[in-house]
$ cat model18.csv   # CSV, C-alpha atoms
chain,number,residue,atom,x,y,z
T,1,MET,CA,0.9,6.7,37.1
T,2,ALA,CA,0.5,10.3,38.4
T,3,TYR,CA,-0.8,11.0,41.9
T,4,SER,CA,-1.3,14.7,41.2
T,5,GLY,CA,-2.2,17.2,38.5
T,6,PRO,CA,-0.3,20.3,37.5
T,7,ASP,CA,-1.2,22.1,40.8
T,8,GLY,CA,0.2,19.3,42.9
T,9,ARG,CA,-3.2,17.8,43.8
T,10,PRO,CA,-5.0,14.8,42.4
T,11,ASP,CA,-8.0,15.6,40.2
T,12,VAL,CA,-9.8,12.6,41.5
T,13,VAL,CA,-9.8,10.8,44.9
T,14,ILE,CA,-11.0,7.2,44.9
T,15,VAL,CA,-12.0,6.0,48.4
T,16,GLY,CA,-11.3,2.2,48.7
T,17,ALA,CA,-8.9,-0.2,47.1
T,18,GLY,CA,-11.1,-3.1,46.7
T,19,PRO,CA,-12.0,-4.4,43.3
T,20,GLY,CA,-14.1,-1.4,42.5
T,21,GLY,CA,-11.4,1.2,43.4
T,22,LEU,CA,-8.7,-0.7,41.6
T,23,ALA,CA,-10.8,-1.0,38.4
T,24,VAL,CA,-11.6,2.7,38.4
T,25,SER,CA,-8.0,3.6,39.1
T,26,GLN,CA,-6.8,1.5,36.1
T,27,GLN,CA,-9.3,3.1,33.8
T,28,LEU,CA,-8.5,6.6,34.9
T,29,GLY,CA,-4.8,5.8,34.4
T,30,VAL,CA,-5.5,4.7,30.9
T,31,ARG,CA,-7.1,8.1,30.2
T,32,GLY,CA,-4.4,10.1,31.9
T,33,VAL,CA,-6.5,11.4,34.8
T,34,ALA,CA,-4.4,12.3,37.9
T,35,HIS,CA,-5.8,10.5,40.9
T,36,VAL,CA,-5.1,8.8,44.2
T,37,VAL,CA,-6.7,5.8,45.9
T,38,LEU,CA,-7.1,5.8,49.6
T,39,GLU,CA,-7.2,2.4,51.4
T,40,LYS,CA,-7.6,2.1,55.2
T,41,GLY,CA,-6.0,-1.3,55.2
T,42,PRO,CA,-2.4,-2.3,54.4
T,43,HIS,CA,-3.2,-4.2,51.2
T,44,PRO,CA,-5.5,-4.0,48.2
T,45,GLY,CA,-8.8,-5.8,48.8
T,46,TRP,CA,-8.3,-5.6,52.5
T,47,MET,CA,-11.9,-6.5,53.4
T,48,TRP,CA,-11.7,-9.5,51.1
T,49,ARG,CA,-8.6,-10.7,53.0
T,50,ARG,CA,-10.7,-10.8,56.2
T,51,THR,CA,-13.4,-13.1,54.9
T,52,TYR,CA,-13.6,-16.8,55.8
T,53,ASP,CA,-10.8,-19.0,54.7
T,54,SER,CA,-12.8,-21.2,52.4
T,55,LEU,CA,-14.5,-18.4,50.5
T,56,ARG,CA,-14.7,-19.0,46.7
T,57,LEU,CA,-16.2,-16.8,44.1
T,58,HIS,CA,-19.6,-17.9,42.8
T,59,THR,CA,-18.9,-16.2,39.6
T,60,GLY,CA,-16.7,-17.6,36.8
T,61,LYS,CA,-13.3,-16.0,36.2
T,62,HIS,CA,-14.1,-15.1,32.6
T,63,LEU,CA,-16.8,-12.6,33.7
T,64,SER,CA,-15.1,-11.6,37.0
T,65,ALA,CA,-11.9,-10.1,35.8
T,66,LEU,CA,-11.1,-6.4,36.2
T,67,PRO,CA,-10.5,-4.2,33.1
T,68,GLY,CA,-7.3,-4.8,31.2
T,69,MET,CA,-6.2,-8.0,32.9
T,70,PRO,CA,-7.8,-11.5,32.7
T,71,PHE,CA,-7.3,-14.1,35.3
T,72,PRO,CA,-4.3,-16.4,34.7
T,73,LYS,CA,-5.1,-19.6,32.9
T,74,ASN,CA,-4.0,-21.7,35.9
T,75,VAL,CA,-6.6,-20.0,38.2
T,76,SER,CA,-9.7,-22.1,39.0
T,77,LEU,CA,-12.9,-21.4,37.1
T,78,PHE,CA,-14.4,-20.2,40.4
T,79,PRO,CA,-11.3,-18.6,42.0
T,80,SER,CA,-10.6,-19.2,45.7
T,81,ARG,CA,-10.0,-16.4,48.1
T,82,ALA,CA,-6.2,-16.9,47.9
T,83,GLU,CA,-6.3,-16.8,44.1
T,84,PHE,CA,-8.4,-13.7,44.1
T,85,MET,CA,-6.1,-11.9,46.5
T,86,ALA,CA,-3.1,-12.8,44.4
T,87,TYR,CA,-4.9,-11.5,41.3
T,88,LEU,CA,-5.6,-8.1,43.0
T,89,GLU,CA,-2.0,-7.8,44.1
T,90,SER,CA,-0.8,-8.6,40.5
T,91,TYR,CA,-3.3,-6.1,39.2
T,92,VAL,CA,-1.9,-3.3,41.4
T,93,GLY,CA,1.6,-4.1,40.3
T,94,ARG,CA,0.9,-4.4,36.6
T,95,PHE,CA,-0.7,-1.0,36.4
T,96,ASP,CA,1.3,0.7,39.1
T,97,LEU,CA,-1.8,2.0,40.7
T,98,PRO,CA,-1.4,5.0,43.0
T,99,ILE,CA,-2.6,3.7,46.3
T,100,ARG,CA,-2.0,5.2,49.7
T,101,TYR,CA,-2.4,2.5,52.3
T,102,ARG,CA,-3.4,2.9,55.9
T,103,VAL,CA,-5.3,6.1,55.1
T,104,GLU,CA,-8.9,6.2,56.1
T,105,ALA,CA,-11.4,8.6,54.7
T,106,ARG,CA,-13.4,10.0,57.7
T,107,GLU,CA,-15.4,13.0,56.4
T,108,LEU,CA,-16.5,14.5,53.1
T,109,ARG,CA,-17.2,18.2,52.7
T,110,ARG,CA,-18.3,20.3,49.8
T,111,ASP,CA,-16.0,23.3,48.8
T,112,GLY,CA,-17.8,25.2,46.0
T,113,ASN,CA,-17.8,22.7,43.1
T,114,ALA,CA,-14.9,20.7,44.6
T,115,TRP,CA,-14.5,18.3,47.5
T,116,HIS,CA,-12.6,18.1,50.8
T,117,ILE,CA,-11.8,14.7,52.1
T,118,GLU,CA,-10.7,14.5,55.7
T,119,THR,CA,-8.5,11.5,56.3
T,120,SER,CA,-6.5,9.9,59.1
T,121,ASP,CA,-3.5,11.4,57.3
T,122,GLY,CA,-4.7,14.9,56.7
T,123,SER,CA,-7.0,16.7,54.3
T,124,LEU,CA,-7.3,16.3,50.5
T,125,LYS,CA,-9.0,18.4,47.9
T,126,ALA,CA,-10.2,17.0,44.6
T,127,GLN,CA,-12.5,17.9,41.7
T,128,ALA,CA,-14.2,14.6,41.8
T,129,VAL,CA,-14.7,11.7,44.3
T,130,VAL,CA,-15.3,8.1,43.5
T,131,VAL,CA,-16.8,6.1,46.4
T,132,ALA,CA,-15.5,2.5,46.3
T,133,THR,CA,-16.0,1.6,49.9
T,134,GLY,CA,-18.2,-1.4,49.0
T,135,ILE,CA,-20.4,-3.2,51.4
T,136,MET,CA,-18.2,-5.7,53.2
T,137,SER,CA,-17.0,-3.3,55.9
T,138,HIS,CA,-20.6,-2.6,56.9
T,139,PRO,CA,-22.4,-5.8,58.1
T,140,VAL,CA,-26.0,-5.6,59.1
T,141,MET,CA,-26.9,-6.6,62.6
T,142,PRO,CA,-30.6,-7.6,62.8
T,143,ASP,CA,-32.9,-6.1,65.4
T,144,ILE,CA,-34.2,-9.3,66.8
T,145,PRO,CA,-35.6,-9.2,70.4
T,146,GLY,CA,-33.4,-10.9,73.1
T,147,LEU,CA,-30.2,-10.9,71.1
T,148,GLN,CA,-28.3,-9.2,73.9
T,149,GLU,CA,-29.6,-11.8,76.4
T,150,PHE,CA,-28.0,-14.7,74.6
T,151,GLN,CA,-25.2,-16.1,76.7
T,152,GLY,CA,-23.4,-18.0,74.0
T,153,ARG,CA,-21.2,-16.7,71.2
T,154,VAL,CA,-22.7,-14.2,68.7
T,155,LEU,CA,-20.9,-13.1,65.5
T,156,HIS,CA,-21.8,-11.8,62.1
T,157,SER,CA,-20.7,-13.9,59.2
T,158,ALA,CA,-18.2,-11.1,58.4
T,159,ALA,CA,-16.3,-12.1,61.6
T,160,TYR,CA,-16.4,-15.9,60.8
T,161,ARG,CA,-13.1,-17.4,59.7
T,162,ARG,CA,-13.0,-21.2,60.0
T,163,PRO,CA,-15.2,-24.1,61.3
T,164,GLU,CA,-12.7,-25.8,63.6
T,165,GLU,CA,-13.5,-23.5,66.5
T,166,PHE,CA,-17.2,-24.6,66.4
T,167,ALA,CA,-16.5,-28.4,66.4
T,168,ASN,CA,-19.3,-30.3,68.3
T,169,ALA,CA,-21.1,-27.0,69.1
T,170,ARG,CA,-24.8,-26.3,68.5
T,171,VAL,CA,-24.8,-23.5,65.9
T,172,LEU,CA,-27.6,-21.5,64.5
T,173,VAL,CA,-26.9,-19.7,61.2
T,174,VAL,CA,-29.5,-16.9,60.7
T,175,GLY,CA,-29.9,-16.1,57.0
T,176,ILE,CA,-29.7,-18.0,53.8
T,177,GLY,CA,-27.5,-15.9,51.5
T,178,ASN,CA,-24.5,-17.4,49.8
T,179,SER,CA,-22.2,-16.7,52.7
T,180,GLY,CA,-24.6,-18.2,55.2
T,181,ALA,CA,-25.2,-21.3,53.1
T,182,GLU,CA,-21.4,-21.9,52.7
T,183,ILE,CA,-20.7,-21.4,56.4
T,184,ALA,CA,-23.5,-23.7,57.4
T,185,VAL,CA,-22.4,-26.5,55.1
T,186,GLU,CA,-18.7,-26.3,56.3
T,187,LEU,CA,-19.8,-26.1,60.0
T,188,ALA,CA,-21.8,-29.3,59.6
T,189,ALA,CA,-19.0,-31.0,57.7
T,190,ARG,CA,-16.6,-30.3,60.6
T,191,GLY,CA,-18.9,-31.7,63.3
T,192,ALA,CA,-21.0,-28.8,64.4
T,193,ARG,CA,-24.7,-29.5,65.0
T,194,THR,CA,-26.0,-26.9,62.6
T,195,ALA,CA,-29.4,-25.4,61.9
T,196,VAL,CA,-30.2,-22.6,59.5
T,197,SER,CA,-33.0,-20.1,60.1
T,198,VAL,CA,-34.8,-19.1,56.9
T,199,ARG,CA,-37.3,-16.2,57.2
T,200,SER,CA,-38.3,-15.4,53.6
T,201,GLY,CA,-36.9,-18.2,51.5
T,202,ALA,CA,-34.4,-18.0,48.6
T,203,ASN,CA,-34.2,-18.5,44.9
T,204,ASN,CA,-31.7,-21.4,44.8
T,205,VAL,CA,-29.9,-22.1,41.5
T,206,PRO,CA,-27.2,-24.6,40.7
T,207,LEU,CA,-23.6,-23.5,40.3
T,208,LYS,CA,-23.7,-24.9,36.8
T,209,ILE,CA,-26.4,-26.0,34.4
T,210,ALA,CA,-25.2,-28.5,31.7
T,211,GLY,CA,-21.6,-27.7,32.7
T,212,VAL,CA,-22.1,-23.9,32.1
T,213,PRO,CA,-21.8,-21.6,35.1
T,214,THR,CA,-25.2,-20.2,36.0
T,215,GLN,CA,-23.7,-16.7,36.0
T,216,TYR,CA,-22.9,-17.0,32.3
T,217,LEU,CA,-26.5,-17.8,31.7
T,218,GLY,CA,-27.4,-14.8,33.8
T,219,TRP,CA,-25.2,-12.7,31.6
T,220,ALA,CA,-27.0,-14.0,28.5
T,221,ILE,CA,-30.4,-12.9,29.9
T,222,SER,CA,-29.2,-9.6,31.5
T,223,TRP,CA,-30.6,-7.6,28.6
T,224,LEU,CA,-34.1,-8.6,29.3
T,225,PRO,CA,-36.5,-6.6,31.6
T,226,ARG,CA,-36.0,-7.3,35.3
T,227,GLY,CA,-39.2,-9.2,35.7
T,228,ALA,CA,-38.2,-11.5,32.9
T,229,GLN,CA,-34.8,-12.0,34.4
T,230,GLN,CA,-36.3,-13.0,37.7
T,231,ARG,CA,-38.7,-15.5,36.2
T,232,LEU,CA,-35.9,-17.1,34.2
T,233,THR,CA,-33.7,-17.2,37.4
T,234,ARG,CA,-36.5,-19.1,39.1
T,235,LEU,CA,-36.6,-21.4,36.2
T,236,PHE,CA,-32.9,-22.1,36.6
T,237,GLY,CA,-33.7,-23.0,40.2
T,238,THR,CA,-36.6,-25.2,39.2
T,239,VAL,CA,-34.3,-27.1,36.8
T,240,GLY,CA,-31.6,-27.5,39.4
T,241,ALA,CA,-34.1,-28.7,42.0
T,242,ALA,CA,-35.7,-31.2,39.6
T,243,MET,CA,-32.3,-32.7,38.9
T,244,ARG,CA,-32.0,-33.5,42.6
T,245,GLY,CA,-35.5,-34.6,43.3
T,246,GLY,CA,-36.8,-31.3,44.7
T,247,SER,CA,-35.3,-28.7,47.0
T,248,PRO,CA,-36.1,-28.4,50.7
T,249,ILE,CA,-35.3,-24.7,50.7
T,250,PRO,CA,-38.5,-22.5,50.6
T,251,ARG,CA,-38.8,-20.4,47.5
T,252,LYS,CA,-38.7,-16.6,47.8
T,253,ARG,CA,-41.8,-14.9,46.6
T,254,GLY,CA,-42.5,-11.6,44.9
T,255,TYR,CA,-40.5,-9.3,42.5
T,256,GLY,CA,-39.0,-6.5,44.4
T,257,ALA,CA,-37.3,-3.4,43.0
T,258,CYS,CA,-34.0,-4.2,44.7
T,259,PRO,CA,-31.5,-6.8,43.5
T,260,ASP,CA,-32.4,-10.4,44.4
T,261,VAL,CA,-29.1,-12.3,44.3
T,262,PRO,CA,-29.9,-16.0,44.1
T,263,LEU,CA,-28.4,-18.7,46.4
T,264,ILE,CA,-25.9,-20.3,44.1
T,265,GLY,CA,-25.1,-24.0,44.4
T,266,MET,CA,-27.0,-26.9,45.9
T,267,LYS,CA,-24.7,-27.9,48.8
T,268,LEU,CA,-27.0,-26.5,51.4
T,269,ALA,CA,-30.1,-28.1,49.8
T,270,ASN,CA,-28.2,-31.5,49.7
T,271,ALA,CA,-27.2,-31.1,53.4
T,272,LEU,CA,-30.8,-30.3,54.4
T,273,ARG,CA,-32.1,-33.3,52.4
T,274,SER,CA,-29.6,-35.6,54.1
T,275,GLY,CA,-30.4,-34.3,57.6
T,276,SER,CA,-26.9,-33.1,58.4
T,277,ILE,CA,-28.3,-29.5,58.7
T,278,GLU,CA,-31.7,-28.7,60.3
T,279,LEU,CA,-34.0,-26.2,58.6
T,280,ARG,CA,-35.8,-23.8,61.0
T,281,PRO,CA,-38.2,-20.9,60.3
T,282,GLY,CA,-37.5,-17.3,61.2
T,283,VAL,CA,-36.4,-16.3,64.7
T,284,ARG,CA,-39.1,-14.6,66.8
T,285,ARG,CA,-36.7,-13.9,69.7
T,286,PHE,CA,-33.6,-15.0,71.3
T,287,THR,CA,-33.3,-16.3,74.9
T,288,SER,CA,-30.3,-16.6,77.2
T,289,THR,CA,-29.7,-20.2,75.9
T,290,GLY,CA,-31.0,-20.2,72.3
T,291,ALA,CA,-33.9,-19.0,70.1
T,292,VAL,CA,-37.7,-19.2,69.8
T,293,PHE,CA,-38.8,-19.6,66.2
T,294,THR,CA,-41.9,-18.2,64.5
T,295,ASP,CA,-43.5,-21.7,64.7
T,296,GLY,CA,-43.3,-21.4,68.5
T,297,GLU,CA,-40.6,-24.0,69.0
T,298,ARG,CA,-37.7,-23.3,71.3
T,299,GLN,CA,-34.1,-24.6,70.8
T,300,ASP,CA,-30.8,-24.2,72.6
T,301,PHE,CA,-27.6,-23.2,70.8
T,302,ASP,CA,-24.0,-22.6,71.8
T,303,ALA,CA,-23.3,-20.0,69.0
T,304,ILE,CA,-25.2,-17.8,66.7
T,305,VAL,CA,-23.8,-16.8,63.2
T,306,LEU,CA,-25.7,-13.8,61.8
T,307,ALA,CA,-25.5,-14.2,58.0
T,308,THR,CA,-27.8,-11.2,57.7
T,309,GLY,CA,-26.0,-9.3,54.9
T,310,TYR,CA,-24.3,-6.0,54.4
T,311,ARG,CA,-25.2,-2.4,53.7
T,312,ALA,CA,-23.2,0.0,51.5
T,313,ALA,CA,-20.5,1.7,53.6
T,314,LEU,CA,-21.5,5.4,53.2
T,315,ASP,CA,-21.7,6.7,56.8
T,316,TRP,CA,-18.3,8.4,56.5
T,317,MET,CA,-19.8,10.7,53.8
T,318,GLY,CA,-22.3,12.3,56.2
T,319,ALA,CA,-25.0,14.3,54.4
T,320,PHE,CA,-23.5,13.5,51.0
T,321,GLY,CA,-24.1,9.7,51.5
T,322,GLY,CA,-27.7,9.7,50.4
T,323,ARG,CA,-29.2,6.2,49.8
T,324,ASP,CA,-31.7,4.9,47.3
T,325,GLU,CA,-34.6,2.6,48.3
T,326,CYS,CA,-32.2,-0.4,48.3
T,327,GLY,CA,-29.6,1.1,50.6
T,328,PHE,CA,-27.0,1.9,47.9
T,329,GLY,CA,-25.8,5.3,46.9
T,330,ASP,CA,-28.6,7.4,45.4
T,331,ARG,CA,-27.5,7.5,41.7
T,332,GLN,CA,-28.4,8.3,38.1
T,333,ASP,CA,-26.8,6.6,35.1
T,334,ARG,CA,-25.8,3.7,37.4
T,335,VAL,CA,-22.8,5.5,38.8
T,336,ARG,CA,-23.3,9.3,39.2
T,337,SER,CA,-24.7,10.8,42.3
T,338,ALA,CA,-28.3,12.0,41.8
T,339,ALA,CA,-27.4,15.3,43.5
T,340,TYR,CA,-23.7,16.0,42.7
T,341,PRO,CA,-22.3,15.6,39.1
T,342,ASN,CA,-18.7,15.0,40.4
T,343,LEU,CA,-19.5,12.3,42.9
T,344,TYR,CA,-19.5,8.7,41.7
T,345,PHE,CA,-20.2,5.2,43.1
T,346,VAL,CA,-18.8,1.9,42.1
T,347,GLY,CA,-19.9,-1.5,43.4
T,348,HIS,CA,-23.5,-0.6,43.9
T,349,ASN,CA,-25.0,-2.6,41.0
T,350,TYR,CA,-25.9,-6.3,41.4
T,351,ASP,CA,-27.7,-8.6,39.1
T,352,GLY,CA,-27.3,-12.1,37.6
T,353,ARG,CA,-24.1,-11.1,35.8
T,354,GLY,CA,-22.3,-10.9,39.1
T,355,GLY,CA,-20.9,-8.1,41.2
T,356,LEU,CA,-17.4,-8.1,39.7
T,357,TYR,CA,-18.8,-8.0,36.2
T,358,ASN,CA,-20.8,-4.9,37.1
T,359,ILE,CA,-17.8,-3.4,38.8
T,360,ALA,CA,-15.7,-3.7,35.6
T,361,SER,CA,-18.5,-2.3,33.5
T,362,ASP,CA,-19.2,0.6,35.8
T,363,ALA,CA,-15.5,1.5,36.2
T,364,LYS,CA,-15.3,2.1,32.5
T,365,ARG,CA,-18.4,4.2,32.6
T,366,ILE,CA,-17.0,6.3,35.5
T,367,ALA,CA,-13.7,6.8,33.8
T,368,ARG,CA,-15.4,8.0,30.6
T,369,LEU,CA,-17.5,10.5,32.5
T,370,VAL,CA,-14.6,11.8,34.6
T,371,SER,CA,-12.1,12.0,31.7
T,372,ALA,CA,-14.5,14.1,29.7
T,373,VAL,CA,-13.8,16.8,32.3
T,374,HIS,CA,-10.4,16.0,33.8
T,375,GLY,CA,-8.6,13.9,31.1
T,376,GLU,CA,-5.5,15.0,29.2
$ encode --input "model18.csv" --output "structure tokens"
Amino acid sequence: MAYSGPDGRPDVVIVGAGPGGLAVSQQLGVRGVAHVVLEKGPHPGWMWRRTYDSLRLHTGKHLSALPGMPFPKNVSLFPSRAEFMAYLESYVGRFDLPIRYRVEARELRRDGNAWHIETSDGSLKAQAVVVATGIMSHPVMPDIPGLQEFQGRVLHSAAYRRPEEFANARVLVVGIGNSGAEIAVELAARGARTAVSVRSGANNVPLKIAGVPTQYLGWAISWLPRGAQQRLTRLFGTVGAAMRGGSPIPRKRGYGACPDVPLIGMKLANALRSGSIELRPGVRRFTSTGAVFTDGERQDFDAIVLATGYRAALDWMGAFGGRDECGFGDRQDRVRSAAYPNLYFVGHNYDGRGGLYNIASDAKRIARLVSAVHGE
């Protein structure tokens, strides 16, 4: 696959070799567009490699594959982190993707209608840039009073690896997204005295309904208006809760304009019901020894895990990294910058079909738009 065009430069620079960058690279290669992928780590999917050991996709493999290559038959329906990493490595090899490892994009500048990308290995010029830096490298640290005073261990879920180091500790997990729920459950299973702080509730849906992955049902309703999708997602949660005699997790209220990714799977609900994990309301403030909750109660902890989510990694772009109301790249047509026709974003669309399904779809869209200008 060509790194450069006739003038010795790539027509397109893709920043990031996670699933989004790899998918766009494969699609540009199919269309004969000269390009290069910059990856600051030493392997594809570098940020995924740094997630917790037990991570497993919540999305089924049939709707999580990248363009041109399904998951092998022997891979689990919900691939493990190790299986997903092996899949990405095989994907790079199969399509001979032009990746430059250990090269970090540090600044983006406009040069007429083209782009200059300043990197840790010099400067690149390109006619188009695809931003595939994802969200995992930009964890959100909450602004909760007293956090700096806490004398125990504080870490974001992005830095959490395995539960053994917290055995017998009193741990508070702040946040109830999918990562926070999984971390809390495995901490409790390994002997940590675990509590979860839930500020605004969650729409909790089972991993499967009648043996069918919930994501596949999400795909089936994805063509409906957002409000209808959200109501049906809540219905999935109601069905799952009813099957288990109700759910102790408070329901999230309201229909926002931003993606509302549901909490998938009932392990946390089961642990709360059994008493192996304690449910606490939002944190009002931290103290040197623990937390004061919004109900006025105070509790001591040895460690705080902040499962407070991520934000799109756009800071390196400077003034060109404009954000929409949800914190993603400011776009039109899902993938094109609202301000610059030759600037694209992948990995910024989330709904019930799953992030990887949207990445595969958006990679094809980007490649069609780019190849109309730069293809053979």
$ atom_distance --input "model18.csv" --atom1 "atom CA of Ser200 of chain T" --atom2 "atom CA of Ser137 of chain T"
24.6 Å
$ atom_distance --input "model18.csv" --atom1 "atom CA of Phe150 of chain T" --atom2 "atom CA of Thr287 of chain T"
5.5 Å
$ residues_around --input "model18.csv" --residues "Arg109 of chain T" --least-positions-apart "3" --cutoff "12 Å" --atoms "only C-alpha atoms" --output "JSON, numbers by chain"
{"T": [105, 106, 112, 113, 114, 115, 116, 117, 118, 119, 123, 124, 125, 126, 127, 128, 129, 316, 317, 318, 319, 320, 321, 343]}
$ write_last_selection --input "model18.csv" --atoms "C-alpha atoms" --output "PDB file, in the frame of the given file"
ATOM      1  CA  ALA T 105     -11.400   8.600  54.700  1.00  0.00           C
ATOM      2  CA  ARG T 106     -13.400  10.000  57.700  1.00  0.00           C
ATOM      3  CA  GLY T 112     -17.800  25.200  46.000  1.00  0.00           C
ATOM      4  CA  ASN T 113     -17.800  22.700  43.100  1.00  0.00           C
ATOM      5  CA  ALA T 114     -14.900  20.700  44.600  1.00  0.00           C
ATOM      6  CA  TRP T 115     -14.500  18.300  47.500  1.00  0.00           C
ATOM      7  CA  HIS T 116     -12.600  18.100  50.800  1.00  0.00           C
ATOM      8  CA  ILE T 117     -11.800  14.700  52.100  1.00  0.00           C
ATOM      9  CA  GLU T 118     -10.700  14.500  55.700  1.00  0.00           C
ATOM     10  CA  THR T 119      -8.500  11.500  56.300  1.00  0.00           C
ATOM     11  CA  SER T 123      -7.000  16.700  54.300  1.00  0.00           C
ATOM     12  CA  LEU T 124      -7.300  16.300  50.500  1.00  0.00           C
ATOM     13  CA  LYS T 125      -9.000  18.400  47.900  1.00  0.00           C
ATOM     14  CA  ALA T 126     -10.200  17.000  44.600  1.00  0.00           C
ATOM     15  CA  GLN T 127     -12.500  17.900  41.700  1.00  0.00           C
ATOM     16  CA  ALA T 128     -14.200  14.600  41.800  1.00  0.00           C
ATOM     17  CA  VAL T 129     -14.700  11.700  44.300  1.00  0.00           C
ATOM     18  CA  TRP T 316     -18.300   8.400  56.500  1.00  0.00           C
ATOM     19  CA  MET T 317     -19.800  10.700  53.800  1.00  0.00           C
ATOM     20  CA  GLY T 318     -22.300  12.300  56.200  1.00  0.00           C
ATOM     21  CA  ALA T 319     -25.000  14.300  54.400  1.00  0.00           C
ATOM     22  CA  PHE T 320     -23.500  13.500  51.000  1.00  0.00           C
ATOM     23  CA  GLY T 321     -24.100   9.700  51.500  1.00  0.00           C
ATOM     24  CA  LEU T 343     -19.500  12.300  42.900  1.00  0.00           C
TER      25      LEU T 343
END
$ closest_residue --input "model18.csv" --among "T:Arg110, T:Arg199, T:Arg285, T:Arg190" --to "Pro163 of chain T" --atoms "only C-alpha atoms"
T:Arg190
$ residues_around --input "model18.csv" --residues "Pro79 of chain T" --least-positions-apart "6" --cutoff "7 Å" --atoms "all atoms listed in the file" --output "short mmCIF file (atom, residue, chain, number, x, y, z; two decimals) with C-alpha atoms, in the frame of the given file"
data_model
loop_
_atom_site.label_atom_id
_atom_site.label_comp_id
_atom_site.auth_asym_id
_atom_site.auth_seq_id
_atom_site.Cartn_x
_atom_site.Cartn_y
_atom_site.Cartn_z
CA ARG T 56 -14.70 -19.00 46.70
CA LEU T 57 -16.20 -16.80 44.10
CA LYS T 61 -13.30 -16.00 36.20
#
$ residues_around --input "model18.csv" --residues "Val103 of chain T" --least-positions-apart "5" --cutoff "9 Å" --atoms "all atoms listed in the file" --output "ChimeraX atom specification"
/T:38-42,119-122
$ write_last_selection --input "model18.csv" --atoms "C-alpha atoms" --output "PDB file, keeping the file's coordinate frame"
ATOM      1  CA  LEU T  38      -7.100   5.800  49.600  1.00  0.00           C
ATOM      2  CA  GLU T  39      -7.200   2.400  51.400  1.00  0.00           C
ATOM      3  CA  LYS T  40      -7.600   2.100  55.200  1.00  0.00           C
ATOM      4  CA  GLY T  41      -6.000  -1.300  55.200  1.00  0.00           C
ATOM      5  CA  PRO T  42      -2.400  -2.300  54.400  1.00  0.00           C
ATOM      6  CA  THR T 119      -8.500  11.500  56.300  1.00  0.00           C
ATOM      7  CA  SER T 120      -6.500   9.900  59.100  1.00  0.00           C
ATOM      8  CA  ASP T 121      -3.500  11.400  57.300  1.00  0.00           C
ATOM      9  CA  GLY T 122      -4.700  14.900  56.700  1.00  0.00           C
TER      10      GLY T 122
END
$ closest_residue --input "model18.csv" --among "T:Arg251, T:Arg100, T:Lys364, T:His58" --to "Pro213 of chain T" --atoms "all atoms listed in the file"
T:His58
$ atom_distance --input "model18.csv" --atom1 "atom CA of Gln299 of chain T" --atom2 "atom CA of Thr51 of chain T"
28.5 Å
$ closest_residue --input "model18.csv" --among "T:Asp143, T:Asp111, T:Asp362, T:Glu186" --to "Arg162 of chain T" --atoms "all atoms listed in the file"
T:Glu186
$ closest_residue --input "model18.csv" --among "T:Thr133, T:Ser25, T:Ser76, T:Thr59" --to "Glu104 of chain T" --atoms "only C-alpha atoms"
T:Thr133
$ residues_around --input "model18.csv" --residues "segment 293-297 of chain T" --least-positions-apart "6" --cutoff "10 Å" --atoms "all atoms listed in the file" --output "list in words"
Ser197, Arg199, Arg280, Pro281, Gly282, Val283, Arg284, Arg285 and Phe286 of chain T
$ closest_residue --input "model18.csv" --among "T:Pro10, T:Val198, T:Val174, T:Ala184" --to "Gly32 of chain T" --atoms "only C-alpha atoms"
T:Pro10
$ closest_residue --input "model18.csv" --among "T:Ala181, T:Met47, T:Leu63, T:Ala188" --to "Ile264 of chain T" --atoms "all atoms listed in the file"
T:Ala181
$ residues_near_point --input "model18.csv" --point "(-22.9, -13.5, 35.7)" --cutoff "12 Å" --atoms "all atoms listed in the file" --output "VMD selection string"
chain T and resid 57 to 65 78 207 to 208 212 to 222 233 261 to 262 264 350 to 359
$ residues_near_point --input "model18.csv" --point "(-3.8, -14.1, 37.6)" --cutoff "9 Å" --atoms "only C-alpha atoms" --output "PyMOL selection string"
chain T and resi 69-75+83-84+86-88+90-91
$ write_last_selection --input "model18.csv" --atoms "C-alpha atoms" --output "PDB file, in the coordinates of the input"
ATOM      1  CA  MET T  69      -6.200  -8.000  32.900  1.00  0.00           C
ATOM      2  CA  PRO T  70      -7.800 -11.500  32.700  1.00  0.00           C
ATOM      3  CA  PHE T  71      -7.300 -14.100  35.300  1.00  0.00           C
ATOM      4  CA  PRO T  72      -4.300 -16.400  34.700  1.00  0.00           C
ATOM      5  CA  LYS T  73      -5.100 -19.600  32.900  1.00  0.00           C
ATOM      6  CA  ASN T  74      -4.000 -21.700  35.900  1.00  0.00           C
ATOM      7  CA  VAL T  75      -6.600 -20.000  38.200  1.00  0.00           C
ATOM      8  CA  GLU T  83      -6.300 -16.800  44.100  1.00  0.00           C
ATOM      9  CA  PHE T  84      -8.400 -13.700  44.100  1.00  0.00           C
ATOM     10  CA  ALA T  86      -3.100 -12.800  44.400  1.00  0.00           C
ATOM     11  CA  TYR T  87      -4.900 -11.500  41.300  1.00  0.00           C
ATOM     12  CA  LEU T  88      -5.600  -8.100  43.000  1.00  0.00           C
ATOM     13  CA  SER T  90      -0.800  -8.600  40.500  1.00  0.00           C
ATOM     14  CA  TYR T  91      -3.300  -6.100  39.200  1.00  0.00           C
TER      15      TYR T  91
END
$ closest_atom_pairs --input "model18.csv" --of "segment 291-326 of chain T" --to "segment 156-160 of chain T" --cutoff "10 Å" --atoms "all atoms listed in the file" --output "CSV"
residue,atom,partner,partner_atom,distance
T:Ile304,CA,T:His156,CA,8.3
T:Val305,CA,T:His156,CA,5.5
T:Leu306,CA,T:His156,CA,4.4
T:Ala307,CA,T:Ser157,CA,5.0
T:Thr308,CA,T:His156,CA,7.5
T:Gly309,CA,T:Ser157,CA,8.2
T:Tyr310,CA,T:Ala158,CA,8.9
